[in-house]
file my_file35.txt (compact mmCIF, C-alpha atoms)
# COMPACT_ATOMS: atom_id res chain seq x y z
CA MET N 1 76.48 173.46 88.28
CA SER N 2 79.36 171.43 86.92
CA LEU N 3 81.15 168.09 86.66
CA ALA N 4 84.86 167.58 87.21
CA PRO N 5 86.07 165.84 85.20
CA ASN N 6 83.36 165.65 82.57
CA GLN N 7 85.10 162.84 80.65
CA GLY N 8 85.99 159.28 81.53
CA SER N 9 86.32 155.67 80.52
CA THR N 10 83.56 153.67 78.89
CA GLY N 11 84.35 151.01 81.49
CA GLY N 12 83.36 153.33 84.31
CA GLY N 13 85.11 153.58 87.66
CA ASP N 14 86.09 157.26 87.37
CA GLU N 15 85.57 159.60 90.29
CA VAL N 16 83.53 162.68 89.38
CA ILE N 17 82.88 165.68 91.62
CA LEU N 18 79.36 167.16 91.20
CA SER N 19 79.05 170.83 92.15
CA GLY N 20 75.66 172.51 92.61
CA HIS N 21 73.25 173.17 95.50
CA HIS N 22 70.63 171.46 97.64
CA PHE N 23 72.44 168.07 97.56
CA THR N 24 71.52 167.22 101.13
CA GLY N 25 69.38 164.09 101.18
CA THR N 26 70.45 162.92 97.71
CA SER N 27 68.93 159.50 97.02
CA ASP N 28 70.10 158.83 93.46
CA VAL N 29 72.81 159.88 90.97
CA ARG N 30 72.49 158.74 87.37
CA PHE N 31 74.76 158.90 84.34
CA GLY N 32 72.22 158.65 81.56
CA PRO N 33 70.00 155.67 82.32
CA ARG N 34 72.52 154.07 84.71
CA ARG N 35 72.96 154.67 88.40
CA ALA N 36 76.36 155.76 89.65
CA THR N 37 78.36 152.84 90.99
CA SER N 38 78.52 154.77 94.26
CA PHE N 39 78.12 158.32 95.51
CA ALA N 40 78.67 160.30 98.70
CA VAL N 41 77.24 163.69 99.65
CA VAL N 42 80.09 165.82 100.93
CA ASP N 43 77.93 168.81 101.76
CA ASP N 44 74.95 170.68 100.36
CA THR N 45 76.97 171.83 97.31
CA THR N 46 79.24 168.87 96.61
CA THR N 47 78.72 165.19 95.83
CA ASP N 48 81.36 162.64 94.86
CA ALA N 49 80.21 159.94 92.43
CA THR N 50 81.83 156.94 90.74
CA THR N 51 80.80 156.46 87.12
CA PRO N 52 79.12 153.33 85.85
CA ALA N 53 80.02 151.87 82.45
CA GLY N 54 78.57 153.79 79.53
CA ASN N 55 78.96 155.19 76.04
CA GLY N 56 78.82 158.56 74.36
CA ALA N 57 77.51 161.76 75.93
CA VAL N 58 75.02 161.35 78.79
CA GLN N 59 73.27 163.71 81.15
CA VAL N 60 74.12 163.48 84.86
CA ALA N 61 71.08 163.84 87.12
CA VAL N 62 70.78 164.07 90.90
CA THR N 63 67.58 163.15 92.79
CA THR N 64 66.91 164.72 96.19
CA PRO N 65 63.71 165.15 98.32
CA GLY N 66 63.19 168.36 96.37
CA GLY N 67 63.18 166.62 92.99
CA THR N 68 65.60 165.67 90.16
CA GLY N 69 67.96 168.09 88.50
CA VAL N 70 70.49 167.79 85.66
CA ILE N 71 74.03 168.78 86.70
CA GLY N 72 75.68 168.58 83.30
CA THR N 73 76.88 166.27 80.52
CA PHE N 74 79.45 163.50 80.95
CA TYR N 75 81.37 162.19 77.94
CA TYR N 76 82.37 158.55 77.83
CA LEU N 77 85.64 158.12 75.94
CA PRO N 78 86.91 154.86 74.46
CA PRO N 79 90.40 153.71 75.53
CA PRO N 80 93.22 155.29 73.54
CA SER N 81 94.68 153.25 70.69
CA ILE N 82 98.41 153.41 69.89
CA ARG N 83 99.46 152.07 66.53
CA VAL N 84 103.03 153.12 65.67
CA ILE N 85 106.20 154.19 67.48
CA THR N 86 108.74 156.00 65.32
CA PRO N 87 111.52 155.02 65.63
CA PRO N 88 110.76 151.70 67.34
CA ALA N 89 114.13 151.44 69.12
CA GLY N 90 116.87 153.51 70.69
CA PRO N 91 119.80 153.53 73.11
CA VAL N 92 119.68 152.08 76.61
CA ALA N 93 120.55 155.53 77.95
CA GLY N 94 117.29 156.93 76.58
CA GLY N 95 116.91 160.67 76.07
CA ASN N 96 115.93 160.32 72.42
CA THR N 97 112.55 161.44 71.07
CA VAL N 98 109.94 159.18 69.51
CA LEU N 99 106.55 159.87 67.95
CA ILE N 100 103.60 157.74 69.07
CA THR N 101 100.65 157.83 66.70
CA GLY N 102 97.14 156.53 67.30
CA VAL N 103 93.70 157.83 68.28
CA GLY N 104 92.18 159.11 71.49
CA LEU N 105 95.46 160.60 72.75
CA TYR N 106 94.31 164.14 73.50
CA THR N 107 93.60 163.44 77.19
CA THR N 108 96.79 161.44 77.81
CA SER N 109 97.96 161.69 81.40
CA GLU N 110 100.84 159.19 81.41
CA VAL N 111 103.12 157.28 79.04
CA ARG N 112 105.13 154.33 80.33
CA PHE N 113 108.01 152.34 78.82
CA GLY N 114 107.95 149.21 80.89
CA ALA N 115 107.86 150.46 84.48
CA GLN N 116 109.34 153.86 83.61
CA SER N 117 107.22 156.97 83.10
CA ALA N 118 108.17 159.16 80.16
CA ALA N 119 107.92 162.89 79.57
CA PHE N 120 105.58 163.71 76.69
CA VAL N 121 103.86 166.46 74.74
CA VAL N 122 100.37 166.05 73.27
CA VAL N 123 100.66 167.17 69.65
CA SER N 124 97.12 166.23 68.67
CA ASP N 125 94.51 163.59 69.34
CA GLY N 126 96.55 161.33 67.05
CA GLU N 127 100.14 162.12 68.09
CA LEU N 128 102.33 162.19 71.18
CA LEU N 129 105.95 163.39 71.17
CA VAL N 130 107.72 161.36 73.84
CA THR N 131 111.18 161.55 75.43
CA VAL N 132 112.26 157.97 76.06
CA PRO N 133 113.37 157.18 79.62
CA SER N 134 116.53 155.17 80.30
CA ALA N 135 116.60 151.43 80.89
CA ALA N 136 118.88 149.24 82.99
CA VAL N 137 119.62 146.77 80.20
CA ALA N 138 118.94 146.25 76.52
CA GLY N 139 115.72 144.50 75.54
CA SER N 140 112.10 145.10 74.58
CA VAL N 141 109.51 146.68 76.87
CA ALA N 142 105.78 147.26 76.60
CA VAL N 143 104.59 150.81 75.91
CA ILE N 144 101.29 152.00 77.34
CA VAL N 145 99.39 155.26 77.23
CA VAL N 146 96.98 156.27 80.01
CA ALA N 147 94.20 158.69 79.07
CA ARG N 148 90.76 159.66 80.33
CA GLY N 149 89.29 156.85 78.27
CA GLY N 150 91.52 154.17 79.81
CA VAL N 151 94.77 152.45 78.94
CA GLY N 152 96.09 151.77 75.44
CA GLY N 153 98.87 149.31 74.71
CA GLY N 154 99.93 146.57 72.35
CA LEU N 155 103.24 148.10 71.21
CA THR N 156 106.83 147.41 72.25
CA TYR N 157 110.00 149.47 72.18
CA ALA N 158 113.48 147.99 71.86
CA TYR N 159 116.31 149.30 74.02
CA LEU N 160 119.57 148.72 72.18
CA ASP N 161 123.20 148.31 73.13
CA ALA N 162 125.63 150.40 71.07
CA PRO N 163 126.96 148.55 68.01
CA ALA N 164 130.49 147.18 67.81
CA ILE N 165 132.64 146.30 64.78
CA THR N 166 134.75 143.14 64.95
CA ALA N 167 136.16 142.99 61.41
CA VAL N 168 135.84 144.30 57.86
CA THR N 169 136.34 141.60 55.22
CA PHE N 170 137.92 142.20 52.76
CA ASP N 171 139.69 145.06 54.45
CA SER N 172 141.10 146.75 51.34
CA GLY N 173 140.11 147.60 47.79
CA PRO N 174 140.39 150.08 44.93
CA VAL N 175 140.04 153.83 45.33
CA ALA N 176 137.15 153.70 42.87
CA GLY N 177 135.13 151.67 45.37
CA GLY N 178 132.25 149.52 44.18
CA ASN N 179 133.53 146.36 45.85
CA LEU N 180 131.53 144.40 48.42
CA VAL N 181 132.75 144.03 52.01
CA VAL N 182 131.31 142.19 54.99
CA ILE N 183 131.27 144.05 58.30
CA THR N 184 130.93 141.76 61.30
CA GLY N 185 130.18 142.78 64.85
CA THR N 186 127.21 143.12 67.20
CA ALA N 187 123.93 145.06 67.53
CA PHE N 188 123.52 145.81 63.82
CA LEU N 189 119.77 145.16 63.40
CA TYR N 190 118.73 148.81 63.55
CA THR N 191 121.55 150.21 61.40
CA THR N 192 120.79 153.60 59.87
CA SER N 193 124.10 154.40 58.16
CA VAL N 194 127.50 152.96 57.24
CA THR N 195 130.39 155.26 56.30
CA PHE N 196 133.99 154.94 55.13
CA ASP N 197 136.02 157.96 56.24
CA GLY N 198 132.72 159.78 56.75
CA VAL N 199 131.43 158.99 53.25
CA PRO N 200 128.19 156.95 53.12
CA VAL N 201 128.52 153.58 51.43
CA THR N 202 126.88 153.14 48.05
CA SER N 203 124.44 150.66 49.57
CA TYR N 204 124.21 148.24 52.46
CA ARG N 205 122.16 145.27 53.60
CA ILE N 206 121.60 144.20 57.20
CA ALA N 207 122.15 140.47 56.91
CA SER N 208 121.73 139.84 60.63
CA ASP N 209 122.39 141.40 64.01
CA THR N 210 126.06 140.50 63.52
CA GLU N 211 126.61 141.18 59.79
CA ILE N 212 126.29 144.07 57.35
CA ASP N 213 127.06 143.67 53.65
CA ALA N 214 128.16 146.99 52.17
CA VAL N 215 129.28 148.36 48.80
CA VAL N 216 132.34 150.54 49.38
CA PRO N 217 132.24 154.19 48.19
CA ALA N 218 135.07 155.82 46.28
CA GLY N 219 137.88 157.12 48.47
CA THR N 220 141.47 158.30 48.71
CA VAL N 221 144.46 155.97 48.88
CA GLY N 222 145.32 154.91 52.40
CA PRO N 223 143.68 153.60 55.59
CA VAL N 224 140.28 154.97 56.63
CA ASP N 225 137.90 154.56 59.53
CA VAL N 226 134.70 152.55 59.15
CA SER N 227 131.64 153.67 61.14
CA VAL N 228 128.28 152.03 61.73
CA THR N 229 125.41 154.06 63.18
CA THR N 230 122.33 152.36 64.58
CA LEU N 231 119.38 153.52 66.63
CA GLY N 232 121.48 152.40 69.60
CA GLY N 233 124.52 154.57 68.85
CA THR N 234 127.63 154.78 66.67
CA THR N 235 130.82 152.73 66.60
CA THR N 236 133.99 153.49 64.65
CA ALA N 237 136.74 151.04 63.76
CA LEU N 238 139.93 153.03 63.22
CA ASN N 239 141.93 152.33 60.04
CA ALA N 240 139.74 149.29 59.38
CA TYR N 241 139.81 149.60 55.60
CA THR N 242 142.56 150.57 53.16
CA TYR N 243 142.02 152.15 49.76
CA LEU N 244 144.59 150.84 47.30
CA THR N 245 145.89 152.55 44.22
CA SER N 246 145.48 150.49 41.07
CA PHE N 247 149.14 151.06 40.27
CA ALA N 248 151.73 148.38 40.86
CA VAL N 249 154.48 150.70 39.60
CA LEU N 250 154.37 154.51 39.61
CA ALA N 251 157.23 156.95 39.05
CA GLY N 252 157.67 160.70 39.02
CA THR N 253 160.19 160.98 36.15
CA THR N 254 160.72 157.69 34.25
CA VAL N 255 160.03 153.97 34.39
CA THR N 256 162.78 151.88 32.81
CA ASN N 257 162.91 148.12 32.50
CA THR N 258 165.44 145.50 31.43
CA GLY N 259 164.44 141.91 30.73
CA PRO N 260 161.11 140.07 30.91
CA SER N 261 159.64 141.76 33.95
CA VAL N 262 155.97 141.08 34.71
CA VAL N 263 153.92 143.84 36.34
CA THR N 264 150.43 142.88 37.48
CA GLY N 265 148.51 146.08 38.03
CA ASP N 266 148.73 149.46 36.36
CA LEU N 267 152.04 151.11 35.47
CA GLY N 268 152.49 154.84 35.16
CA VAL N 269 154.59 157.97 35.35
CA SER N 270 153.78 161.63 36.10
CA PRO N 271 154.76 164.40 35.62
CA GLY N 272 157.43 162.65 33.53
CA ALA N 273 156.29 160.83 30.41
CA THR N 274 158.99 158.25 29.63
CA ILE N 275 158.37 154.50 29.95
CA THR N 276 160.90 152.13 28.34
CA GLY N 277 161.46 148.38 28.27
CA PHE N 278 157.87 147.22 27.66
CA PRO N 279 158.33 144.94 25.79
CA PRO N 280 160.17 142.81 26.70
CA GLY N 281 158.42 143.60 29.97
CA VAL N 282 154.72 142.79 30.29
CA VAL N 283 152.09 144.92 32.03
CA ASN N 284 148.96 143.06 33.10
CA GLY N 285 147.04 146.27 33.51
CA ALA N 286 146.84 149.75 32.02
CA THR N 287 149.81 151.96 31.20
CA HIS N 288 149.58 155.70 31.90
CA ALA N 289 152.21 158.23 30.83
CA ALA N 290 151.66 161.81 32.02
CA ASP N 291 147.90 161.52 31.66
CA ALA N 292 145.12 162.53 34.05
CA THR N 293 145.06 159.10 35.69
CA ALA N 294 148.78 159.14 36.45
CA LEU N 295 148.54 162.72 37.68
CA GLN N 296 145.77 161.77 40.10
CA ALA N 297 147.72 158.72 41.22
CA GLN N 298 150.67 160.96 42.11
CA ALA N 299 148.33 163.23 44.07
CA ASP N 300 146.97 160.21 45.93
CA LEU N 301 150.52 158.98 46.55
CA THR N 302 151.44 162.31 48.12
CA VAL N 303 148.46 162.09 50.48
CA THR N 304 149.30 158.50 51.42
CA TYR N 305 152.99 159.29 51.91
CA ASN N 306 152.19 162.23 54.19
CA ARG N 307 149.67 160.22 56.18
CA ALA N 308 152.18 157.45 56.75
CA ALA N 309 154.87 159.93 57.76
CA ALA N 310 152.55 161.65 60.25
CA LEU N 311 151.48 158.55 62.14
CA PRO N 312 152.64 158.54 65.78
CA PRO N 313 155.30 155.82 66.16
CA ASP N 314 154.76 152.83 68.42
CA SER N 315 158.47 151.94 68.44
CA THR N 316 161.81 153.21 67.19
CA ILE N 317 164.02 150.96 65.11
CA SER N 318 167.45 151.22 63.49
CA GLY N 319 170.12 149.32 61.64
CA ASP N 320 169.27 145.99 60.03
CA LEU N 321 165.86 144.32 60.16
CA GLY N 322 167.22 140.87 59.30
CA GLY N 323 166.37 138.18 61.85
CA LEU N 324 163.66 140.23 63.58
CA THR N 325 160.05 139.18 64.18
CA LEU N 326 157.79 142.20 64.51
CA ALA N 327 154.25 142.55 65.78
CA PRO N 328 151.89 145.03 64.07
CA GLY N 329 152.67 148.69 64.66
CA VAL N 330 154.28 151.88 63.43
CA TYR N 331 158.09 151.63 63.44
CA ASN N 332 160.19 154.77 63.07
CA ALA N 333 163.80 154.92 61.88
CA ALA N 334 165.47 158.32 62.08
CA SER N 335 167.81 157.52 59.19
CA SER N 336 168.42 154.53 56.90
CA LEU N 337 167.27 150.94 57.32
CA ALA N 338 168.74 147.78 55.87
CA LEU N 339 167.46 144.24 55.46
CA THR N 340 169.87 141.33 55.35
CA GLY N 341 168.24 137.92 55.62
CA THR N 342 164.63 137.51 56.69
CA LEU N 343 162.25 139.90 58.43
CA THR N 344 159.17 138.16 59.85
CA LEU N 345 155.88 140.03 60.31
CA ASP N 346 153.54 138.18 62.70
CA ALA N 347 149.84 139.13 62.67
CA ALA N 348 148.96 136.77 65.55
CA GLY N 349 145.70 135.88 63.80
CA ASP N 350 144.51 139.47 63.27
CA ALA N 351 143.37 139.87 59.65
CA ASN N 352 143.57 143.67 60.01
CA ALA N 353 147.09 143.72 61.48
CA ALA N 354 149.15 146.49 59.85
CA TRP N 355 152.79 147.59 59.77
CA VAL N 356 154.12 151.01 58.81
CA PHE N 357 157.86 151.61 58.56
CA GLN N 358 158.83 155.30 58.67
CA ILE N 359 162.36 155.54 57.27
CA GLY N 360 164.14 158.87 57.45
CA SER N 361 166.52 158.18 54.56
CA THR N 362 167.19 155.08 52.43
CA LEU N 363 165.90 151.51 52.44
CA THR N 364 168.37 148.90 51.16
CA THR N 365 168.03 145.12 51.04
CA ALA N 366 170.89 142.67 50.57
CA SER N 367 170.77 139.92 47.94
CA ALA N 368 168.35 137.06 48.65
CA SER N 369 166.72 138.89 51.54
CA SER N 370 163.01 138.44 52.25
CA VAL N 371 159.98 139.63 54.17
CA LEU N 372 157.98 136.71 55.58
CA LEU N 373 154.29 137.05 56.51
CA VAL N 374 152.93 134.71 59.18
CA ASN N 375 149.72 134.08 61.15
CA GLY N 376 147.38 135.97 58.84
CA ALA N 377 149.60 138.89 57.90
CA ALA N 378 148.73 140.44 54.52
CA ALA N 379 150.99 142.26 52.08
CA ARG N 380 148.37 144.96 51.53
CA ASN N 381 148.74 145.96 55.19
CA VAL N 382 152.49 146.63 55.03
CA SER N 383 153.79 150.11 54.10
CA TRP N 384 157.34 151.43 53.74
CA GLN N 385 157.53 155.23 53.82
CA VAL N 386 161.03 156.01 52.57
CA GLY N 387 162.46 159.49 53.07
CA SER N 388 164.74 159.30 50.02
CA SER N 389 165.25 156.18 47.84
CA ALA N 390 164.84 152.41 48.05
CA THR N 391 167.12 149.76 46.53
CA LEU N 392 166.13 146.09 46.57
CA GLY N 393 169.09 143.72 46.19
CA THR N 394 169.27 140.82 43.72
CA GLY N 395 166.79 138.04 44.37
CA THR N 396 164.99 139.83 47.24
CA ALA N 397 161.46 138.60 47.97
CA PHE N 398 159.88 141.82 49.16
CA VAL N 399 156.43 142.47 50.60
CA GLY N 400 154.38 145.64 50.97
CA THR N 401 153.92 149.07 49.43
CA ILE N 402 157.05 151.17 48.96
CA LEU N 403 156.25 154.89 49.21
CA ALA N 404 159.51 156.55 48.20
CA LEU N 405 160.06 160.29 48.14
CA THR N 406 162.64 159.98 45.38
CA SER N 407 163.41 156.76 43.48
CA ILE N 408 163.13 152.96 43.61
CA THR N 409 165.69 150.59 42.12
CA VAL N 410 164.55 146.99 41.77
CA THR N 411 167.54 144.83 40.80
CA THR N 412 167.66 141.50 38.98
CA GLY N 413 165.31 138.77 40.10
CA VAL N 414 163.47 140.75 42.78
CA THR N 415 159.80 139.95 43.46
CA ILE N 416 157.45 142.39 45.13
CA ASP N 417 154.11 141.36 46.55
CA GLY N 418 152.85 144.91 46.76
CA GLN N 419 153.66 148.18 45.00
CA ALA N 420 156.65 150.29 43.98
CA LEU N 421 155.56 153.93 44.08
CA ALA N 422 158.03 156.81 43.72
CA ARG N 423 156.96 160.44 44.06
CA ASN N 424 159.73 162.51 42.48
CA GLY N 425 162.19 160.14 40.83
CA ALA N 426 162.50 157.04 38.67
CA VAL N 427 161.53 153.40 39.09
CA THR N 428 164.11 151.07 37.57
CA LEU N 429 163.26 147.40 36.93
CA ASP N 430 165.32 144.39 35.84
CA THR N 431 163.66 141.01 35.27
CA ASN N 432 161.21 141.39 38.16
CA THR N 433 157.78 140.19 39.18
CA ILE N 434 155.65 142.88 40.82
CA THR N 435 152.09 142.03 41.80
CA ARG N 436 149.84 144.67 43.32
CA SER N 437 148.33 143.38 46.58
CA ASN N 438 144.56 143.15 46.84
call {"tool": "encode", "arguments": {"input": "my_file35.txt", "output": "structure tokens"}}
result
Amino acid sequence: MSLAPNQGSTGGGDEVILSGHHFTGTSDVRFGPRRATSFAVVDDTTTDATTPAGNGAVQVAVTTPGGTGVIGTFYYLPPPSIRVITPPAGPVAGGNTVLITGVGLYTTSEVRFGAQSAAFVVVSDGELLVTVPSAAVAGSVAVIVVARGGVGGGLTYAYLDAPAITAVTFDSGPVAGGNLVVITGTAFLYTTSVTFDGVPVTSYRIASDTEIDAVVPAGTVGPVDVSVTTLGGTTTALNAYTYLTSFAVLAGTTVTNTGPSVVTGDLGVSPGATITGFPPGVVNGATHAADATALQAQADLTVTYNRAAALPPDSTISGDLGGLTLAPGVYNAASSLALTGTLTLDAAGDANAAWVFQIGSTLTTASASSVLLVNGAAARNVSWQVGSSATLGTGTAFVGTILALTSITVTTGVTIDGQALARNGAVTLDTNTITRSN
């Protein structure tokens, strides 16, 4: 004799098949002291019964004209209880795995996320490993577990859109890192990692669904990608942050100065060791001559120079830049470029707008020429990769980072909002103001 199933809800209402013999004429079926809610004799060996409410383990007895006999034991199970979902959110596409913990889960027959059934594996009476089904849209849904003891609920699961990055502010900083930036965008609440060029940030704080405050890790000079990973997915903003060398002036052989030049930022030379003209020149920063810092700066400069040279061009350009207004992009000149008059760089309101000028040979500016930044353009986002040497004419107001393969000559009265960095040759100054862009 047997019962199938021999477990059910304390609330009753479960169908149980009684197997035995001599069931014809059955007048009563009891689960412990309580009568079955209903029963039907199928034949002399089978009776279907619906359980009444009950608790614990009870004997099931059948009464017929021939007497009363015990068929077996029925176990009343309390409804399952689910307490934690780990993780509590994931992508709209589903397919990720979560762990549901609770009690009374051993007899689980169904798990639902909203209206969707989910595949699952019973790990133990206290754990279910569940593959999350997909959803049509982002949002929270109720999670329920159906088991022999009934239905357990009370938890929700959040379906998430993939994150998106709108801006990184400030979008540049020192190679040593340690500075704070604000990343704005969408769907940040369940962020699990933030990286700069694949390197995890030192720390981050989720300020809101649209803002992350992060401490930048150390990096290598040049633009890098910023990535945010959440339980909803990963987004990457290309070249969203730029690591800046601390050097305003860097040479390969010598730095020479005439007159009261003012350099704001570090000044250095490597592998050469000669720096002259300070004083009368003033360096508002550190001075490095053929030391480890200058050596590393030259290594970083080589990496930055090569990166700039390898960027795919957006446009070709030639001749004289004077009188032009240029949108952000990578501009390639096969040979030399000149600047006579004013070059205007228009960011059109984009704080991350960047310009890279790839110059095959020399860069030369005429006297009193200038680079004008408009509509949010920033000096730190302008780079001049020069295939040989750069010469800035008297009184030029120049903007951006000069990355010269050979030398840089800065003539009388020139100002640079940026950097003068030469790989293999000299940097020559004469009564200039050079301020490293931040």
call {"tool": "atom_distance", "arguments": {"input": "my_file35.txt", "atom1": "atom CA of Val427 of chain N", "atom2": "atom CA of Ile275 of chain N"}}
result
9.7 Å
call {"tool": "closest_residue", "arguments": {"input": "my_file35.txt", "among": "N:Gly341, N:Thr435, N:Tyr305, N:Ala207", "to": "Gly285 of chain N", "atoms": "only C-alpha atoms"}}
result
N:Thr435
call {"tool": "residues_around", "arguments": {"input": "my_file35.txt", "residues": "Thr412 of chain N", "least_positions_apart": "2", "cutoff": "8 Å", "atoms": "only C-alpha atoms", "output": "MDAnalysis selection string"}}
result
chainID N and resid 393:395 410 414 429:432
call {"tool": "atom_distance", "arguments": {"input": "my_file35.txt", "atom1": "atom CA of Thr391 of chain N", "atom2": "atom CA of Ile408 of chain N"}}
result
5.9 Å
call {"tool": "atom_distance", "arguments": {"input": "my_file35.txt", "atom1": "atom CA of Gly173 of chain N", "atom2": "atom CA of Ser383 of chain N"}}
result
15.3 Å
call {"tool": "closest_residue", "arguments": {"input": "my_file35.txt", "among": "N:Gly94, N:Gly329, N:Gly20, N:Gly400", "to": "Leu244 of chain N", "atoms": "all atoms listed in the file"}}
result
N:Gly400
call {"tool": "residues_around", "arguments": {"input": "my_file35.txt", "residues": "Gly12 of chain N", "least_positions_apart": "2", "cutoff": "10 Å", "atoms": "all atoms listed in the file", "output": "ChimeraX atom specification"}}
result
/N:8-10,14-15,36-37,50-55,76-77,149-150
call {"tool": "closest_residue", "arguments": {"input": "my_file35.txt", "among": "N:Ala115, N:Ser140, N:Thr406, N:Phe23", "to": "Pro65 of chain N", "atoms": "all atoms listed in the file"}}
result
N:Phe23
call {"tool": "closest_atom_pairs", "arguments": {"input": "my_file35.txt", "of": "segment 32-88 of chain N", "to": "segment 213-231 of chain N", "cutoff": "12 Å", "atoms": "all atoms listed in the file", "output": "Markdown table"}}
result
| residue | atom | partner | partner_atom | distance |
| --- | --- | --- | --- | --- |
| N:Thr86 | CA | N:Leu231 | CA | 11.0 |
| N:Pro87 | CA | N:Leu231 | CA | 8.1 |
| N:Pro88 | CA | N:Leu231 | CA | 8.8 |
call {"tool": "closest_residue", "arguments": {"input": "my_file35.txt", "among": "N:Ser117, N:Thr26, N:Thr362, N:Thr45", "to": "Val62 of chain N", "atoms": "all atoms listed in the file"}}
result
N:Thr26
